[in-house]
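Here is the structure we will look at.
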Amino acid sequence: MNKNRLVALLTPIFLSSTIGLAQKVQKDSQTTVDPRDGQSYPIVQLGGLYWFAANLNFETQGSDCYEDDLIKCGDWGRLYPLEEIHTACPEGWRLPSTEDWDILKEIIEENGVQALYKPDHWKNNEEASNSSGLSLVPSGFKHKRKFQLQYINSTIWFNENTNQGSHWHFHTDGNNNADPFYFHTHDGEVFVRKFAIRCVCENAYLPE
């Protein structure tokens with residue numbers, strides 16, 4: 001077989017075998033790169049999982065920047081509709097599950113919700129410590145055609161449907177109330193809302 005033809009045939013195989021590893025990173029790295037658009041994300045290990053320490057900013061057909069401002073996408077990530085959330089994360093990463101919620105719940109119970117908040121982003125909140133490294137930001141959400149509560153609210157998609165046909169998500173208003181964190185559904189209302197995404201995976205690193 002012609003050598004050039006052999007190379008041409010093998011190249012797609014090589015590329016397909018490495019695509020799944022492209023977003024993996026070298027040991028001790030604190031960032032990962034989305035191979036689809038080259039954007040870099042900080043990562044943090046919490047409870048045996050690796051989490052994006054920033055909101056996903058991969059452009060999909062139905063995603064929005066807050067108030068349609070591209071600059072805000074860079075700072076706060078995008079807001080995604082329900083129908084796109086299962087394909088939004090890079091290959092090898094996924095939405096957090098309801099079981100993964102227990103990781104965040106434990107952090108809140110032991111250190112307070114301020115341990116999840118990125119400092120200098122929350123309105124009327126000067127106690128954000130981000131001791132967890134998750135760097136949660138108040139990116140707001142979109143309800144129908146209206147953007148709401150940036151600087152005050154953070155809402156993140158989780159991946160299980162409920163019996164009512166809704167979807168789990170958590171949100172926080174950033175205040176210091178006794179129970180500022182909520183993990184719940186909005187029944188049918190969830191289909192007209194867009195929230196942020198944090199991707200997770202069990203192993204973010206390449207084999208040594």
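Each chain in the structure tokens gets a letter, A, B and so on, in the order shown; residues start at 1 in every chain, and ligands are counted from 1 in the order they appear.
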
Would you write out, as JSON lines, a table of all residues in stretch 47-67 of chain A that have an atom no more than 9 Å from an atom of stretch 75-84 of chain A, listing for each the closest atom pair and the distance in Å to one decimal, considering only C-alpha atoms and ordering rows by chain and rising residue number?
{"residue": "A:Ala54", "atom": "CA", "partner": "A:Gly77", "partner_atom": "CA", "distance": 7.5}
{"residue": "A:Asn55", "atom": "CA", "partner": "A:Gly77", "partner_atom": "CA", "distance": 4.8}
{"residue": "A:Leu56", "atom": "CA", "partner": "A:Gly77", "partner_atom": "CA", "distance": 5.3}
{"residue": "A:Asn57", "atom": "CA", "partner": "A:Gly77", "partner_atom": "CA", "distance": 4.4}
{"residue": "A:Phe58", "atom": "CA", "partner": "A:Arg78", "partner_atom": "CA", "distance": 7.2}
{"residue": "A:Glu59", "atom": "CA", "partner": "A:Arg78", "partner_atom": "CA", "distance": 7.5}
{"residue": "A:Thr60", "atom": "CA", "partner": "A:Glu84", "partner_atom": "CA", "distance": 7.8}
{"residue": "A:Gln61", "atom": "CA", "partner": "A:Glu84", "partner_atom": "CA", "distance": 8.6}
{"residue": "A:Gly62", "atom": "CA", "partner": "A:Pro81", "partner_atom": "CA", "distance": 6.4}
{"residue": "A:Ser63", "atom": "CA", "partner": "A:Tyr80", "partner_atom": "CA", "distance": 4.6}
{"residue": "A:Asp64", "atom": "CA", "partner": "A:Leu79", "partner_atom": "CA", "distance": 5.2}
{"residue": "A:Cys65", "atom": "CA", "partner": "A:Arg78", "partner_atom": "CA", "distance": 5.1}
{"residue": "A:Tyr66", "atom": "CA", "partner": "A:Arg78", "partner_atom": "CA", "distance": 7.2}

Long-range neighbours of stretch 42-52 of chain A as a VMD selection string, 12 Å cut-off, only C-alpha atoms, 3 positions minimum in chain: chain A and resid 23 to 25 28 to 34 39 55 to 57 77 89 to 90 92 to 97 99 to 107 116 130 to 136 156 196 to 205

Dump of N, CA and C atoms for the selected residues, as a compact mmCIF listing (two decimals), in the first residue's frame:
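Result file part-v6.txt:
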# COMPACT_ATOMS: atom_id res chain seq x y z
N GLN A 23 -8.92 16.71 26.89
CA GLN A 23 -9.28 17.58 27.99
C GLN A 23 -8.68 17.11 29.31
N LYS A 24 -8.00 15.95 29.30
CA LYS A 24 -7.28 15.51 30.49
C LYS A 24 -6.01 16.33 30.64
N VAL A 25 -5.46 16.38 31.83
CA VAL A 25 -4.31 17.24 32.07
C VAL A 25 -3.21 16.46 32.79
N ASP A 28 -0.89 17.16 38.72
CA ASP A 28 -0.60 18.38 39.48
C ASP A 28 -1.00 19.66 38.74
N SER A 29 -1.51 19.55 37.51
CA SER A 29 -2.01 20.74 36.84
C SER A 29 -3.29 21.20 37.52
N GLN A 30 -3.54 22.49 37.51
CA GLN A 30 -4.74 23.03 38.13
C GLN A 30 -5.72 23.58 37.12
N THR A 31 -5.51 23.27 35.85
CA THR A 31 -6.43 23.69 34.80
C THR A 31 -6.65 22.55 33.82
N THR A 32 -7.74 22.63 33.07
CA THR A 32 -8.01 21.70 31.99
C THR A 32 -8.50 22.50 30.79
N VAL A 33 -8.26 21.99 29.59
CA VAL A 33 -8.61 22.70 28.36
C VAL A 33 -9.71 21.94 27.64
N ASP A 34 -10.75 22.66 27.25
CA ASP A 34 -11.82 22.09 26.44
C ASP A 34 -11.33 22.03 24.99
N GLN A 39 -10.80 26.70 25.32
CA GLN A 39 -10.92 27.45 26.56
C GLN A 39 -10.37 26.65 27.74
N ASN A 55 -17.72 28.45 35.77
CA ASN A 55 -18.88 28.03 34.99
C ASN A 55 -18.48 27.73 33.55
N LEU A 56 -19.11 26.72 32.97
CA LEU A 56 -18.85 26.35 31.59
C LEU A 56 -19.18 27.52 30.66
N ASN A 57 -18.33 27.70 29.64
CA ASN A 57 -18.54 28.80 28.69
C ASN A 57 -18.45 28.29 27.25
N GLY A 77 -19.53 32.69 32.57
CA GLY A 77 -19.97 31.50 31.87
C GLY A 77 -21.31 31.71 31.20
N CYS A 89 -20.98 19.49 28.44
CA CYS A 89 -19.63 19.30 29.00
C CYS A 89 -18.70 18.64 27.98
N PRO A 90 -17.39 18.86 28.09
CA PRO A 90 -16.44 18.19 27.20
C PRO A 90 -16.49 16.68 27.39
N GLY A 92 -15.64 13.13 28.46
CA GLY A 92 -14.94 12.69 29.66
C GLY A 92 -15.40 13.41 30.92
N TRP A 93 -16.17 14.48 30.75
CA TRP A 93 -16.74 15.23 31.87
C TRP A 93 -18.26 15.10 31.80
N ARG A 94 -18.94 15.39 32.90
CA ARG A 94 -20.39 15.23 32.96
C ARG A 94 -20.99 16.23 33.94
N LEU A 95 -22.32 16.28 33.95
CA LEU A 95 -23.01 17.05 34.97
C LEU A 95 -22.87 16.35 36.32
N PRO A 96 -22.87 17.08 37.42
CA PRO A 96 -22.90 16.42 38.73
C PRO A 96 -24.24 15.72 38.95
N SER A 97 -24.21 14.64 39.70
CA SER A 97 -25.41 13.86 40.00
C SER A 97 -25.99 14.27 41.35
N GLU A 99 -26.14 12.37 43.83
CA GLU A 99 -25.20 11.86 44.84
C GLU A 99 -24.03 12.83 45.04
N ASP A 100 -23.62 13.49 43.97
CA ASP A 100 -22.52 14.45 44.08
C ASP A 100 -22.92 15.66 44.91
N TRP A 101 -24.21 15.93 44.99
CA TRP A 101 -24.69 17.02 45.84
C TRP A 101 -24.24 16.83 47.28
N ASP A 102 -24.14 15.57 47.72
CA ASP A 102 -23.74 15.30 49.10
C ASP A 102 -22.35 15.86 49.40
N ILE A 103 -21.49 15.94 48.37
CA ILE A 103 -20.15 16.50 48.56
C ILE A 103 -20.25 17.97 48.95
N LEU A 104 -21.07 18.71 48.21
CA LEU A 104 -21.23 20.13 48.51
C LEU A 104 -21.97 20.33 49.82
N LYS A 105 -22.95 19.49 50.07
CA LYS A 105 -23.71 19.59 51.31
C LYS A 105 -22.80 19.41 52.53
N GLU A 106 -21.86 18.47 52.44
CA GLU A 106 -20.94 18.23 53.55
C GLU A 106 -20.03 19.44 53.77
N ILE A 107 -19.58 20.05 52.68
CA ILE A 107 -18.75 21.25 52.80
C ILE A 107 -19.52 22.36 53.50
N LEU A 116 -17.98 28.04 49.56
CA LEU A 116 -18.16 27.79 48.13
C LEU A 116 -18.09 29.07 47.29
N ASN A 130 -14.30 31.04 49.92
CA ASN A 130 -13.89 30.10 48.87
C ASN A 130 -12.85 29.10 49.38
N SER A 131 -12.96 28.71 50.63
CA SER A 131 -11.98 27.77 51.17
C SER A 131 -12.05 26.40 50.50
N SER A 132 -13.16 26.10 49.83
CA SER A 132 -13.29 24.84 49.10
C SER A 132 -12.57 24.88 47.76
N GLY A 133 -12.39 26.09 47.20
CA GLY A 133 -11.79 26.24 45.89
C GLY A 133 -12.79 26.14 44.74
N LEU A 134 -14.08 25.95 45.04
CA LEU A 134 -15.07 25.79 43.98
C LEU A 134 -15.34 27.10 43.23
N SER A 135 -15.15 28.22 43.90
CA SER A 135 -15.28 29.55 43.27
C SER A 135 -16.66 29.78 42.65
N LEU A 136 -17.69 29.51 43.42
CA LEU A 136 -19.06 29.71 42.94
C LEU A 136 -19.34 31.20 42.76
N ILE A 156 -27.15 26.04 39.41
CA ILE A 156 -26.36 25.07 38.66
C ILE A 156 -27.20 23.83 38.35
N ALA A 196 -26.56 27.89 34.86
CA ALA A 196 -25.14 27.64 34.62
C ALA A 196 -24.82 26.15 34.76
N ILE A 197 -23.63 25.76 34.30
CA ILE A 197 -23.17 24.37 34.38
C ILE A 197 -21.78 24.32 34.99
N ARG A 198 -21.59 23.37 35.91
CA ARG A 198 -20.27 22.99 36.41
C ARG A 198 -20.04 21.52 36.06
N CYS A 199 -19.01 21.23 35.29
CA CYS A 199 -18.73 19.86 34.87
C CYS A 199 -17.87 19.15 35.92
N VAL A 200 -18.03 17.84 36.02
CA VAL A 200 -17.25 17.03 36.96
C VAL A 200 -16.76 15.77 36.26
N CYS A 201 -15.73 15.14 36.83
CA CYS A 201 -15.30 13.82 36.37
C CYS A 201 -14.57 13.12 37.50
N GLU A 202 -14.44 11.79 37.36
CA GLU A 202 -13.80 11.00 38.40
C GLU A 202 -12.29 11.09 38.34
N ASN A 203 -11.74 11.29 37.15
CA ASN A 203 -10.28 11.35 37.01
C ASN A 203 -9.93 12.36 35.93
N ALA A 204 -9.41 13.50 36.34
CA ALA A 204 -9.10 14.56 35.39
C ALA A 204 -7.70 14.42 34.80
N TYR A 205 -6.92 13.44 35.28
CA TYR A 205 -5.52 13.39 34.91
C TYR A 205 -5.18 12.25 33.96

DSSP strand (DSSP E or B) residues within stretch 33-160 of chain A, as number ranges by chain: A: 33, 40-46, 49-52, 64, 79-81, 94, 117, 136, 140-143, 146-148, 154-160

Every residue of stretch 43-194 of chain A that DSSP places in helix (DSSP H, G or I), as an MDAnalysis selection string: chainID A and resid 66:68 70:76 82:87 98:111 113:116 187:192

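For the atom pair formed by atom CA of A:Ala115 and atom CA of A:His143, the distance is 27.6 Å, given to one decimal.
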
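If you measure from each of A:Lys72, A:Arg193, A:Lys123, A:His86 to A:Phe141 using only C-alpha atoms, the closest one turns out to be A:Arg193.
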
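Counting from atom CA of A:Ser129, the distance to atom CA of A:Gln148 is 24.5 Å.
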
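Atom CA of A:Asn153 lies 19.8 Å from atom CA of A:Asn111.
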
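Minimum atom-to-atom distances from A:Gly38, A:Lys144, A:Tyr151, A:Trp157 to A:Lys118 were compared using only C-alpha atoms, and the lowest value belongs to A:Tyr151.
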